[in-house]
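Chemist: Below is my_file_14.cif; it holds mmCIF, C-alpha atoms and all ligand atoms.
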```
data_final
loop_
_atom_site.label_atom_id
_atom_site.label_comp_id
_atom_site.auth_asym_id
_atom_site.auth_seq_id
_atom_site.Cartn_x
_atom_site.Cartn_y
_atom_site.Cartn_z
CA MET E 720 104.72 52.37 57.05
CA HIS E 721 107.15 53.66 59.67
CA THR E 722 109.74 56.36 59.09
CA LEU E 723 112.66 57.57 61.21
CA ASP E 724 114.01 61.12 60.92
CA TYR E 725 117.54 62.41 60.60
CA ASN E 726 117.95 66.20 60.26
CA ASP E 727 114.20 66.39 59.53
CA MET E 728 114.51 63.98 56.59
CA PRO E 729 112.31 60.88 56.95
CA HIS E 730 114.06 57.58 56.33
CA ARG E 731 112.31 54.40 55.15
CA ARG E 732 113.43 50.79 55.30
CA MET E 733 114.73 49.36 52.06
CA GLY E 734 112.26 46.55 51.46
CA LYS E 735 112.11 44.16 54.38
CA SER E 736 115.71 44.83 55.38
CA GLY E 737 116.95 46.68 58.45
CA LEU E 738 118.57 49.38 56.29
CA TRP E 739 117.03 52.86 56.54
CA VAL E 740 117.43 55.17 53.55
CA SER E 741 116.52 58.84 53.20
CA GLU E 742 113.27 59.45 51.32
CA VAL E 743 115.16 61.89 49.12
CA GLY E 744 118.42 60.37 47.97
CA LEU E 745 121.20 61.53 45.70
CA GLY E 746 121.99 60.22 42.21
CA LEU E 747 125.63 60.64 41.25
CA TRP E 748 125.61 59.47 37.66
CA LYS E 749 126.88 62.70 36.14
CA TRP E 750 129.56 63.22 38.74
CA GLY E 751 133.25 62.61 38.13
CA ASP E 752 135.84 64.59 36.26
CA PRO E 753 134.20 67.13 33.91
CA SER E 754 137.50 67.57 32.05
CA TYR E 755 137.17 64.26 30.26
CA ASP E 756 134.29 61.94 31.12
CA GLY E 757 131.22 63.97 30.21
CA SER E 758 130.27 64.55 33.84
CA ARG E 759 128.78 67.81 35.10
CA VAL E 760 130.09 67.83 38.66
CA GLY E 761 133.70 67.67 39.86
CA ASP E 762 135.30 67.81 43.31
CA HIS E 763 134.97 71.53 43.89
CA SER E 764 131.20 71.90 43.62
CA GLY E 765 130.61 68.23 44.42
CA PHE E 766 132.12 68.29 47.92
CA ARG E 767 129.98 71.32 48.84
CA ILE E 768 126.84 69.57 47.60
CA LEU E 769 127.71 66.39 49.51
CA ASP E 770 128.34 68.33 52.76
CA ARG E 771 125.00 70.08 52.33
CA ALA E 772 123.24 66.78 51.54
CA LEU E 773 124.19 65.47 54.97
CA GLU E 774 122.97 68.68 56.60
CA LEU E 775 119.64 68.15 54.84
CA GLY E 776 119.46 64.53 55.99
CA ILE E 777 120.03 63.15 52.48
CA THR E 778 122.06 60.11 53.47
CA HIS E 779 121.39 57.69 50.59
CA TRP E 780 123.95 58.19 47.80
CA ASP E 781 123.81 56.23 44.59
CA THR E 782 126.67 55.64 42.17
CA ALA E 783 127.99 52.82 39.95
CA ASN E 784 131.43 51.50 39.07
CA SER E 785 131.02 52.66 35.45
CA TYR E 786 129.84 56.24 36.16
CA ASN E 787 130.74 58.32 34.24
CA GLN E 788 131.08 56.87 30.71
CA GLY E 789 133.04 53.92 32.05
CA SER E 790 135.63 56.11 33.76
CA GLY E 791 134.93 55.08 37.38
CA ASN E 792 135.28 58.75 38.29
CA SER E 793 132.01 59.11 40.21
CA GLU E 794 133.31 56.48 42.65
CA ARG E 795 136.74 58.15 42.70
CA LEU E 796 135.17 61.51 43.57
CA LEU E 797 133.21 59.89 46.38
CA GLY E 798 136.38 58.16 47.57
CA ARG E 799 138.21 61.48 47.81
CA TYR E 800 135.24 62.94 49.68
CA LEU E 801 135.12 60.06 52.16
CA LYS E 802 138.85 60.28 52.74
CA SER E 803 138.60 63.99 53.36
CA ARG E 804 135.56 63.84 55.68
CA GLY E 805 136.56 60.75 57.64
CA SER E 806 134.76 57.91 59.34
CA ARG E 807 131.87 59.91 60.79
CA ALA E 808 130.63 60.83 57.31
CA ARG E 809 131.14 57.23 56.15
CA GLY E 810 128.96 55.99 59.00
CA GLN E 811 126.19 58.45 58.13
CA ILE E 812 126.05 57.63 54.44
CA VAL E 813 124.29 54.69 52.85
CA LEU E 814 126.68 54.11 49.99
CA ALA E 815 125.17 52.25 47.04
CA THR E 816 127.11 51.21 43.98
CA LYS E 817 126.62 48.86 41.05
CA VAL E 818 128.68 46.35 39.13
CA ALA E 819 128.14 44.64 35.75
CA ASN E 820 129.86 47.11 33.43
CA SER E 821 133.50 47.43 32.52
CA VAL E 822 135.57 50.29 33.89
CA ARG E 823 138.74 51.89 32.57
CA ASP E 824 141.78 52.65 34.70
CA GLU E 825 142.32 56.19 35.91
CA HIS E 826 143.01 58.61 33.02
CA GLU E 827 142.69 55.79 30.50
CA MET E 828 140.65 57.05 27.55
CA GLN E 829 139.74 53.93 25.66
CA ARG E 830 140.46 50.23 25.53
CA ALA E 831 138.86 46.90 24.71
CA PHE E 832 137.64 44.61 27.49
CA THR E 833 137.70 40.82 27.74
CA PRO E 834 134.37 39.05 28.37
CA ASN E 835 135.48 38.56 32.00
CA GLU E 836 135.76 42.30 32.64
CA ARG E 837 131.99 42.76 32.69
CA GLY E 838 128.83 40.75 33.41
CA GLY E 839 128.04 38.60 36.42
CA SER E 840 130.64 35.84 36.68
CA ARG E 841 132.38 35.13 39.98
CA VAL E 842 135.69 36.25 38.50
CA TYR E 843 134.23 39.59 37.41
CA VAL E 844 132.02 40.37 40.44
CA LEU E 845 134.71 39.72 43.06
CA ARG E 846 137.29 41.77 41.19
CA ALA E 847 134.84 44.58 40.36
CA VAL E 848 133.97 44.99 44.03
CA GLU E 849 137.66 45.12 45.02
CA ASP E 850 138.15 47.84 42.41
CA SER E 851 135.10 49.78 43.65
CA LEU E 852 136.31 49.60 47.25
CA ARG E 853 139.67 50.95 46.15
CA ARG E 854 138.11 53.82 44.19
CA LEU E 855 135.66 54.59 47.00
CA GLN E 856 138.43 54.47 49.61
CA THR E 857 136.27 52.49 51.99
CA ASP E 858 136.25 48.91 53.19
CA TYR E 859 132.57 48.17 52.70
CA ILE E 860 129.66 48.97 50.40
CA ASP E 861 126.24 49.35 51.99
CA VAL E 862 124.15 48.33 48.97
CA LEU E 863 125.65 46.43 46.05
CA TYR E 864 123.50 46.26 42.92
CA HIS E 865 123.91 44.03 39.95
CA HIS E 866 123.43 46.80 37.38
CA SER E 867 121.71 45.14 34.41
CA PRO E 868 121.06 41.54 33.47
CA ALA E 869 123.98 40.06 31.54
CA LEU E 870 122.14 38.31 28.70
CA LEU E 871 123.22 36.46 25.58
CA PRO E 872 121.49 37.33 22.29
CA ASP E 873 118.99 34.46 22.77
CA GLY E 874 117.93 35.99 26.11
CA SER E 875 119.63 33.40 28.32
CA ASN E 876 121.98 34.52 31.09
CA GLU E 877 125.68 34.87 30.29
CA THR E 878 126.49 33.58 33.77
CA PRO E 879 124.74 30.82 35.68
CA LEU E 880 122.64 32.71 38.22
CA ASP E 881 123.69 30.48 41.11
CA GLU E 882 127.32 31.38 40.39
CA MET E 883 126.55 35.10 40.30
CA TRP E 884 124.52 35.04 43.49
CA ASP E 885 127.11 32.86 45.22
CA ALA E 886 129.67 35.60 44.50
CA PHE E 887 127.33 38.29 45.86
CA ASN E 888 126.54 36.17 48.92
CA MET E 889 130.26 35.60 49.53
CA LEU E 890 130.83 39.36 49.56
CA VAL E 891 128.35 39.74 52.42
CA THR E 892 130.06 36.92 54.32
CA GLN E 893 133.42 38.64 53.77
CA GLY E 894 132.01 41.90 55.19
CA LYS E 895 132.69 43.81 51.98
CA VAL E 896 128.99 44.33 51.22
CA ARG E 897 126.07 44.79 53.60
CA TYR E 898 122.93 44.44 51.39
CA LEU E 899 122.23 42.96 47.95
CA ALA E 900 120.10 44.55 45.25
CA VAL E 901 119.49 44.56 41.50
CA SER E 902 118.61 47.01 38.78
CA ASN E 903 116.74 46.95 35.46
CA ARG E 904 114.89 43.75 36.34
CA THR E 905 111.49 42.45 35.31
CA ARG E 906 109.19 40.71 37.75
CA LYS E 907 110.17 37.33 36.30
CA GLN E 908 113.88 38.08 36.65
CA LEU E 909 113.39 39.21 40.25
CA LYS E 910 111.63 35.98 41.07
CA THR E 911 114.24 33.77 39.38
CA GLU E 912 117.16 35.62 40.92
CA SER E 913 115.62 35.64 44.40
CA GLU E 914 115.28 31.86 44.08
CA ALA E 915 118.89 31.55 42.88
CA LEU E 916 120.06 33.49 45.93
CA LEU E 917 118.10 31.17 48.20
CA THR E 918 119.86 28.15 46.70
CA VAL E 919 123.27 29.52 47.77
CA SER E 920 122.20 30.87 51.15
CA ALA E 921 119.50 29.47 53.36
CA ASN E 922 119.70 32.67 55.41
CA PRO E 923 116.58 34.65 54.48
CA SER E 924 118.19 37.95 55.49
CA ARG E 925 120.45 37.53 52.45
CA ARG E 926 117.51 38.44 50.24
CA ILE E 927 117.39 40.94 47.38
CA VAL E 928 116.37 44.03 49.35
CA GLY E 929 115.81 46.50 46.54
CA VAL E 930 115.32 46.96 42.82
CA GLN E 931 116.34 50.10 40.95
CA ASN E 932 114.19 50.58 37.86
CA TRP E 933 113.29 53.51 35.59
CA TYR E 934 110.11 55.17 36.95
CA ASN E 935 108.70 58.65 36.79
CA LEU E 936 105.37 60.42 36.35
CA LEU E 937 105.77 60.71 32.58
CA GLN E 938 107.03 57.18 31.92
CA ARG E 939 105.17 55.02 34.40
CA ALA E 940 105.14 51.80 32.37
CA LYS E 941 108.95 51.77 32.34
CA VAL E 942 109.00 50.46 35.89
CA THR E 943 108.30 46.92 34.68
CA ALA E 944 111.65 46.91 32.78
CA LEU E 945 109.94 44.99 29.98
CA LYS E 946 111.17 45.91 26.55
CA ASP E 947 109.83 43.38 24.10
CA ASP E 948 106.32 42.63 25.25
CA PRO E 949 104.90 45.24 27.61
CA THR E 950 101.59 43.37 27.75
CA LEU E 951 103.26 40.71 29.91
CA ASP E 952 103.08 42.94 32.96
CA ASP E 953 101.80 46.30 34.09
CA GLU E 954 102.83 48.98 36.52
CA GLN E 955 100.45 48.00 39.31
CA ALA E 956 101.17 44.26 39.02
CA PHE E 957 104.88 45.02 39.26
CA LEU E 958 104.43 47.23 42.34
CA ASP E 959 102.18 44.62 43.96
CA TYR E 960 104.80 41.94 43.38
CA LEU E 961 107.45 44.08 45.10
CA THR E 962 105.15 44.66 48.06
CA GLU E 963 104.40 40.94 48.38
CA SER E 964 108.08 40.02 48.17
CA GLY E 965 109.37 42.81 50.41
CA ILE E 966 111.66 44.27 47.73
CA GLY E 967 112.00 48.04 48.00
CA LEU E 968 111.76 50.17 44.84
CA ILE E 969 114.36 52.81 44.11
CA PRO E 970 113.10 54.70 41.03
CA TYR E 971 115.75 56.05 38.71
CA VAL E 972 115.39 58.99 36.30
CA PRO E 973 112.69 60.24 38.72
CA LEU E 974 112.67 63.73 37.22
CA ALA E 975 112.79 62.54 33.60
CA VAL E 976 116.31 64.03 33.38
CA GLY E 977 114.96 67.47 34.29
CA LEU E 978 111.79 67.50 32.19
CA LEU E 979 109.81 67.17 35.43
CA THR E 980 111.32 70.36 36.81
CA GLY E 981 109.66 72.82 34.45
CA ARG E 982 112.82 73.74 32.56
CA TYR E 983 111.55 72.48 29.23
CA HIS E 984 108.39 73.83 27.63
CA LYS E 985 107.00 73.87 24.15
CA GLY E 986 109.10 76.43 22.28
CA SER E 987 111.37 77.19 25.26
CA PHE E 988 113.96 74.64 26.21
CA ASP E 989 116.79 75.12 28.67
CA THR E 990 119.54 74.42 26.16
CA SER E 991 122.16 74.24 28.92
CA GLY E 992 120.33 71.27 30.44
CA ARG E 993 121.57 67.71 30.38
CA LEU E 994 118.37 66.53 28.74
CA TYR E 995 118.94 68.84 25.83
CA GLU E 996 122.38 67.29 25.28
CA GLU E 997 121.37 63.65 25.65
CA ALA E 998 121.06 61.43 22.62
CA TRP E 999 117.77 60.15 24.07
CA ARG E 1000 116.10 63.57 24.37
CA ASP E 1001 113.49 62.73 21.72
CA GLU E 1002 112.22 59.95 23.95
CA PHE E 1003 111.48 62.53 26.65
CA ILE E 1004 110.62 65.76 24.83
CA THR E 1005 107.41 64.67 23.12
CA ASP E 1006 104.18 66.61 22.62
CA ARG E 1007 102.46 64.28 25.11
CA ASN E 1008 105.08 64.84 27.80
CA LEU E 1009 105.22 68.61 27.30
CA ALA E 1010 101.43 68.79 27.62
CA LEU E 1011 101.51 66.63 30.79
CA VAL E 1012 104.19 68.86 32.30
CA GLU E 1013 101.91 71.89 31.85
CA GLU E 1014 99.01 70.12 33.57
CA LEU E 1015 101.21 68.91 36.42
CA GLU E 1016 102.59 72.41 36.88
CA VAL E 1017 99.07 73.64 37.61
CA ILE E 1018 98.69 71.07 40.41
CA ALA E 1019 102.14 71.95 41.81
CA SER E 1020 101.39 75.65 41.76
CA GLU E 1021 98.04 75.18 43.51
CA ARG E 1022 99.82 73.06 46.08
CA GLY E 1023 102.56 75.68 46.52
CA CYS E 1024 105.41 73.35 45.64
CA THR E 1025 107.77 73.03 42.70
CA LEU E 1026 107.20 70.54 39.90
CA ALA E 1027 110.31 68.58 40.99
CA GLN E 1028 108.90 68.31 44.51
CA LEU E 1029 105.55 67.13 43.14
CA ALA E 1030 107.25 64.49 40.98
CA ILE E 1031 109.30 63.17 43.92
CA ALA E 1032 106.34 63.33 46.33
CA TRP E 1033 104.24 61.30 43.88
CA LEU E 1034 106.89 58.56 43.80
CA LEU E 1035 107.05 58.63 47.60
CA SER E 1036 103.26 58.27 47.79
CA HIS E 1037 103.93 54.59 47.00
CA ASP E 1038 104.91 52.86 50.25
CA ILE E 1039 107.11 50.40 48.36
CA VAL E 1040 109.31 53.27 47.11
CA CYS E 1041 111.98 53.65 49.78
CA SER E 1042 114.12 56.43 48.36
CA VAL E 1043 114.10 58.71 45.31
CA ILE E 1044 117.63 59.18 43.99
CA ALA E 1045 117.16 62.37 42.00
CA GLY E 1046 120.25 63.35 40.05
CA VAL E 1047 121.65 66.68 41.19
CA THR E 1048 124.22 68.78 39.39
CA LYS E 1049 123.73 72.12 41.19
CA MET E 1050 123.27 73.13 44.82
CA GLU E 1051 119.86 74.64 44.11
CA HIS E 1052 118.62 71.27 42.80
CA LEU E 1053 119.53 69.68 46.12
CA GLU E 1054 117.81 72.39 48.17
CA ASP E 1055 114.68 72.12 46.00
CA ASN E 1056 114.48 68.31 45.93
CA ALA E 1057 115.11 67.95 49.67
CA GLN E 1058 111.86 69.78 50.40
CA ALA E 1059 109.86 67.12 48.53
CA ALA E 1060 109.89 64.97 51.66
CA ALA E 1061 107.66 67.57 53.33
CA VAL E 1062 105.04 67.36 50.55
CA THR E 1063 102.40 64.74 51.29
CA LEU E 1064 99.93 64.67 48.43
CA SER E 1065 96.23 64.50 49.34
CA GLU E 1066 93.89 61.83 48.00
CA GLU E 1067 92.38 64.44 45.73
CA GLU E 1068 95.75 65.54 44.34
CA LEU E 1069 96.75 61.93 43.77
CA ALA E 1070 93.48 61.27 41.95
CA ARG E 1071 94.04 64.29 39.68
CA ILE E 1072 97.58 63.15 38.94
CA GLU E 1073 96.32 59.64 38.24
CA GLN E 1074 93.76 60.93 35.80
CA ILE E 1075 96.37 62.92 33.90
CA THR E 1076 99.30 60.50 33.83
CA ALA E 1077 97.93 56.93 33.87
CA SER E 1078 98.61 55.56 30.42
N1 LIG V 1 120.24 51.75 37.54
C1 LIG V 1 120.37 52.35 36.37
O1 LIG V 1 120.49 51.71 35.31
C2 LIG V 1 120.34 53.84 36.32
C3 LIG V 1 120.20 54.53 35.11
C4 LIG V 1 120.15 55.91 35.13
C5 LIG V 1 120.26 56.58 36.34
N2 LIG V 1 120.44 55.90 37.51
C6 LIG V 1 120.57 56.59 38.83
O2 LIG V 1 119.44 57.44 38.99
C7 LIG V 1 119.89 58.76 39.28
C8 LIG V 1 118.87 59.76 38.80
O3 LIG V 1 118.72 59.69 37.40
P1 LIG V 1 119.19 60.86 36.44
O4 LIG V 1 120.19 61.69 37.17
O5 LIG V 1 119.59 60.28 35.17
O6 LIG V 1 117.86 61.65 36.14
P2 LIG V 1 116.87 62.56 36.99
O7 LIG V 1 117.09 62.43 38.44
O8 LIG V 1 115.53 62.30 36.45
O9 LIG V 1 117.27 64.03 36.50
C9 LIG V 1 118.44 64.64 36.96
C10 LIG V 1 118.64 65.97 36.23
O10 LIG V 1 117.52 66.82 36.47
C11 LIG V 1 117.95 68.14 36.69
N3 LIG V 1 117.50 68.52 38.04
C12 LIG V 1 117.52 67.75 39.17
N4 LIG V 1 116.91 68.39 40.18
C13 LIG V 1 116.49 69.59 39.68
C14 LIG V 1 115.77 70.67 40.22
N5 LIG V 1 115.34 70.66 41.46
N6 LIG V 1 115.51 71.73 39.42
C15 LIG V 1 115.91 71.77 38.13
N7 LIG V 1 116.59 70.76 37.55
C16 LIG V 1 116.87 69.68 38.33
C17 LIG V 1 119.45 68.17 36.52
O11 LIG V 1 119.66 68.49 35.15
P3 LIG V 1 120.92 69.34 34.62
O12 LIG V 1 122.13 68.55 34.96
O13 LIG V 1 120.61 69.44 33.18
O14 LIG V 1 120.86 70.68 35.32
C18 LIG V 1 119.83 66.72 36.78
O15 LIG V 1 121.00 66.34 36.09
C19 LIG V 1 121.25 58.83 38.58
O16 LIG V 1 122.03 59.91 39.03
C20 LIG V 1 121.81 57.48 38.92
O17 LIG V 1 122.32 57.47 40.25
C21 LIG V 1 120.45 54.55 37.51
#
```
Using the file provided, produce a representation of the structure as structure tokens.

Modeler:
Amino acid sequence: MHTLDYNDMPHRRMGKSGLWVSEVGLGLWKWGDPSYDGSRVGDHSGFRILDRALELGITHWDTANSYNQGSGNSERLLGRYLKSRGSRARGQIVLATKVANSVRDEHEMQRAFTPNERGGSRVYVLRAVEDSLRRLQTDYIDVLYHHSPALLPDGSNETPLDEMWDAFNMLVTQGKVRYLAVSNRTRKQLKTESEALLTVSANPSRRIVGVQNWYNLLQRAKVTALKDDPTLDDEQAFLDYLTESGIGLIPYVPLAVGLLTGRYHKGSFDTSGRLYEEAWRDEFITDRNLALVEELEVIASERGCTLAQLAIAWLLSHDIVCSVIAGVTKMEHLEDNAQAAAVTLSEEELARIEQITAS
């Protein structure tokens, strides 16, 4: 696998595409307007973190139209940043966003949405991208994800897949989007959707270049995105499929919302942490996970790195992982996570980690 450096940060290609993304990326889910959308980062601290990210070579920035809590404010914050920093910063950043969810207007607190204000239909996708471009104050998106499959209760797609992929393909033709990607997809869905894209464009460079799925050291099986019958696939089969098809993996929740940073231990939790606040904390803070964290901390300490760096370096030990978009809400997180790119785990360390965490 080849890498190219910018400000000492290695960049990898996203799948088989020509797009290079920083090994350590930036997740902007909890960014927006802390006064009303539940986010943790606003303009004041956010702009400083974004400036520093570029200095550290962290060029891959990940948001979504619905961040945060359907407000669209993560994109708006980024839009204000891009406007303020100008075209040089825009050219340096790989800007990734996602559509599929509904988004309120600015300062709107609550409202109902029609079925065409979400999902994957042509009418929704084209409008959602126009709205994102407006919020982001840019005229193109580098990576456009379809956020989550839009399924009816019987499991069938709400939108014919050829219609959805025709809309995505059209956006590339129009120059509004550079690369196409998906999130929260199983192997079967990736295969079906890649085929649907081929039916609307014979141009093989219009392929799905990346998939963003849940994946971290404590929850490895999540990468398959299978909910109902996990026996239908496994972690390695999923990774092998991505390698064969040239689809890059962008793991989300790479630090298990902070659990893989050593801030949560049996009997001593960082109660100011996001994980502590989340409704889903019981899924993360289990006896098994707390015990694994202690064992992983031993390996990190022997290695002389932080637990967060170990967790990111382990993800990057998979060639198919192109970028790890750790969520950052403080400057010190960014400084810490950036150093993960310099940690190359040895065969022996990887074997120890495998022994501890393979489920
Ligand atoms: N495609 C999807 O459906 C999907 C879903 C979820 C997320 N995502 C993307 O993935 C990104 C990452 O996921 P995530 O933010 O939910 O989880 P994460 O990266 O696993 O954890 C981020 C949290 O960990 C803590 N943290 C990060 N670095 C730290 C460090 N070095 N030391 C101590 N604490 C540190 C911070 O917690 P505190 O804020 O508590 O300090 C931060 O909010 C998101 O921002 C988003 O872009 C995508």

Chemist: Can you work out which residues are within 8 Å of ligand LIG 1 (chain V), considering only C-alpha atoms and all ligand atoms, and then hand them over as a PyMOL selection string?

Modeler: chain E and resi 745-749+759+780-783+817+866-867+902-903+931-933+935+970-982+991-995+1027-1028+1044-1049+1051-1056

Chemist: In Å to one decimal, how far is atom CA of Asp861 of chain E from atom CA of Thr816 of chain E?

Modeler: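 Computed distance, atom CA of Thr816 of chain E to atom CA of Asp861 of chain E, equals 8.3 Å.
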
Chemist: Have a look at atom CA of Ala1057 of chain E and atom CA of Val743 of chain E and let me know their distance in Å, one decimal.

Modeler: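 Atom CA of Val743 of chain E lies at a distance of 6.1 Å from atom CA of Ala1057 of chain E.
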
Chemist: Could you check how far atom CA of Arg804 of chain E sits from atom CA of Ile860 of chain E, in Å to one decimal?

Modeler: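 Computing the Euclidean distance for atom CA of Arg804 of chain E and atom CA of Ile860 of chain E yields 16.8 Å.
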
Chemist: Quick one: everything within 9 Å of Ser758 of chain E, counting all atoms listed in the file, minus sequence neighbours fewer than 5 positions away in the same chain. Send it as a list in words.

Modeler: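 Surrounding residues, per the criterion: Trp748, Lys749, Trp750, Gly751, Asp752, Pro753, Tyr786, Asn787, Gln788, Asn792 and Ser793 of chain E.
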
Chemist: Here is a test: counting all atoms listed in the file, which residue of E:Leu773, E:His984, E:Glu912, E:Arg906 is nearest to Arg807 of chain E?

Modeler: E:Leu773

Chemist: Got a sec to check which residues sit within 8 Å of (131.9, 47.8, 33.8), counting all atoms listed in the file, and write them as a CSV table (one decimal) with C-alpha atoms, in the frame of the given file?

Modeler:
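Output below, filename selection_39.csv:
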```csv
chain,number,residue,atom,x,y,z
E,784,ASN,CA,131.4,51.5,39.1
E,785,SER,CA,131.0,52.7,35.4
E,789,GLY,CA,133.0,53.9,32.0
E,818,VAL,CA,128.7,46.4,39.1
E,819,ALA,CA,128.1,44.6,35.8
E,820,ASN,CA,129.9,47.1,33.4
E,821,SER,CA,133.5,47.4,32.5
E,822,VAL,CA,135.6,50.3,33.9
E,836,GLU,CA,135.8,42.3,32.6
E,837,ARG,CA,132.0,42.8,32.7
E,838,GLY,CA,128.8,40.8,33.4
E,847,ALA,CA,134.8,44.6,40.4
```

Chemist: So which one's closest to Leu723 of chain E, E:Ile1004, E:Phe766, E:Arg854, E:Gly776? Using all atoms listed in the file, please.

Modeler: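 Smallest distance to Leu723 of chain E is found for E:Gly776.
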
Chemist: Which is closer to Lys910 of chain E than all the others in E:Arg830, E:Arg767, E:Arg926, E:Lys895, using all atoms listed in the file?

Modeler: E:Arg926

Chemist: I'd like the neighbourhood of segment 730-733 of chain E as a list of chain:residue names, where a residue qualifies if any of its atoms comes within 7 Å (using all atoms listed in the file), though same-chain residues fewer than 4 positions away should be ignored.

Modeler: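 Here the answer would be E:His721, E:Thr722, E:Leu723, E:Asp724, E:Gly737, E:Leu738, E:Trp739, E:Val740, E:Ser741, E:Glu742, E:Val928, E:Gly929, E:Gly967, E:Cys1041.
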
Chemist: Using only C-alpha atoms, which residues sit within 9 Å of Glu877 of chain E once same-chain residues fewer than 3 positions away are excluded, as a tab-separated table (two decimals) with C-alpha atoms, keeping the file's coordinate frame?

Modeler:
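Saved the output as out-v3.tsv:
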```tsv
chain	number	residue	atom	x	y	z
E	838	GLY	CA	128.83	40.75	33.41
E	839	GLY	CA	128.04	38.60	36.42
E	840	SER	CA	130.64	35.84	36.68
E	868	PRO	CA	121.06	41.54	33.47
E	869	ALA	CA	123.98	40.06	31.54
E	870	LEU	CA	122.14	38.31	28.70
E	871	LEU	CA	123.22	36.46	25.58
E	874	GLY	CA	117.93	35.99	26.11
E	880	LEU	CA	122.64	32.71	38.22
```

Chemist: Write out as a PyMOL selection string which residues come within 9 Å of Arg841 of chain E when counting all atoms listed in the file, dropping same-chain ones fewer than 4 positions away.

Modeler: chain E and resi 845-846+878+882-887

Chemist: Pull C-alpha atoms from the residues just selected and write them as a short mmCIF file (atom, residue, chain, number, x, y, z; two decimals), in the coordinates of the input.

Modeler:
```
data_model
loop_
_atom_site.label_atom_id
_atom_site.label_comp_id
_atom_site.auth_asym_id
_atom_site.auth_seq_id
_atom_site.Cartn_x
_atom_site.Cartn_y
_atom_site.Cartn_z
CA LEU E 845 134.71 39.72 43.06
CA ARG E 846 137.29 41.77 41.19
CA THR E 878 126.49 33.58 33.77
CA GLU E 882 127.32 31.38 40.39
CA MET E 883 126.55 35.10 40.30
CA TRP E 884 124.52 35.04 43.49
CA ASP E 885 127.11 32.86 45.22
CA ALA E 886 129.67 35.60 44.50
CA PHE E 887 127.33 38.29 45.86
#
```

Chemist: Taking all atoms listed in the file into account, which of E:Ala815, E:Gln938, E:Tyr960, E:Asp953 comes nearest Leu852 of chain E?

Modeler: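 Of E:Ala815, E:Gln938, E:Tyr960, E:Asp953, the one nearest Leu852 of chain E, counting all atoms listed in the file, is E:Ala815.
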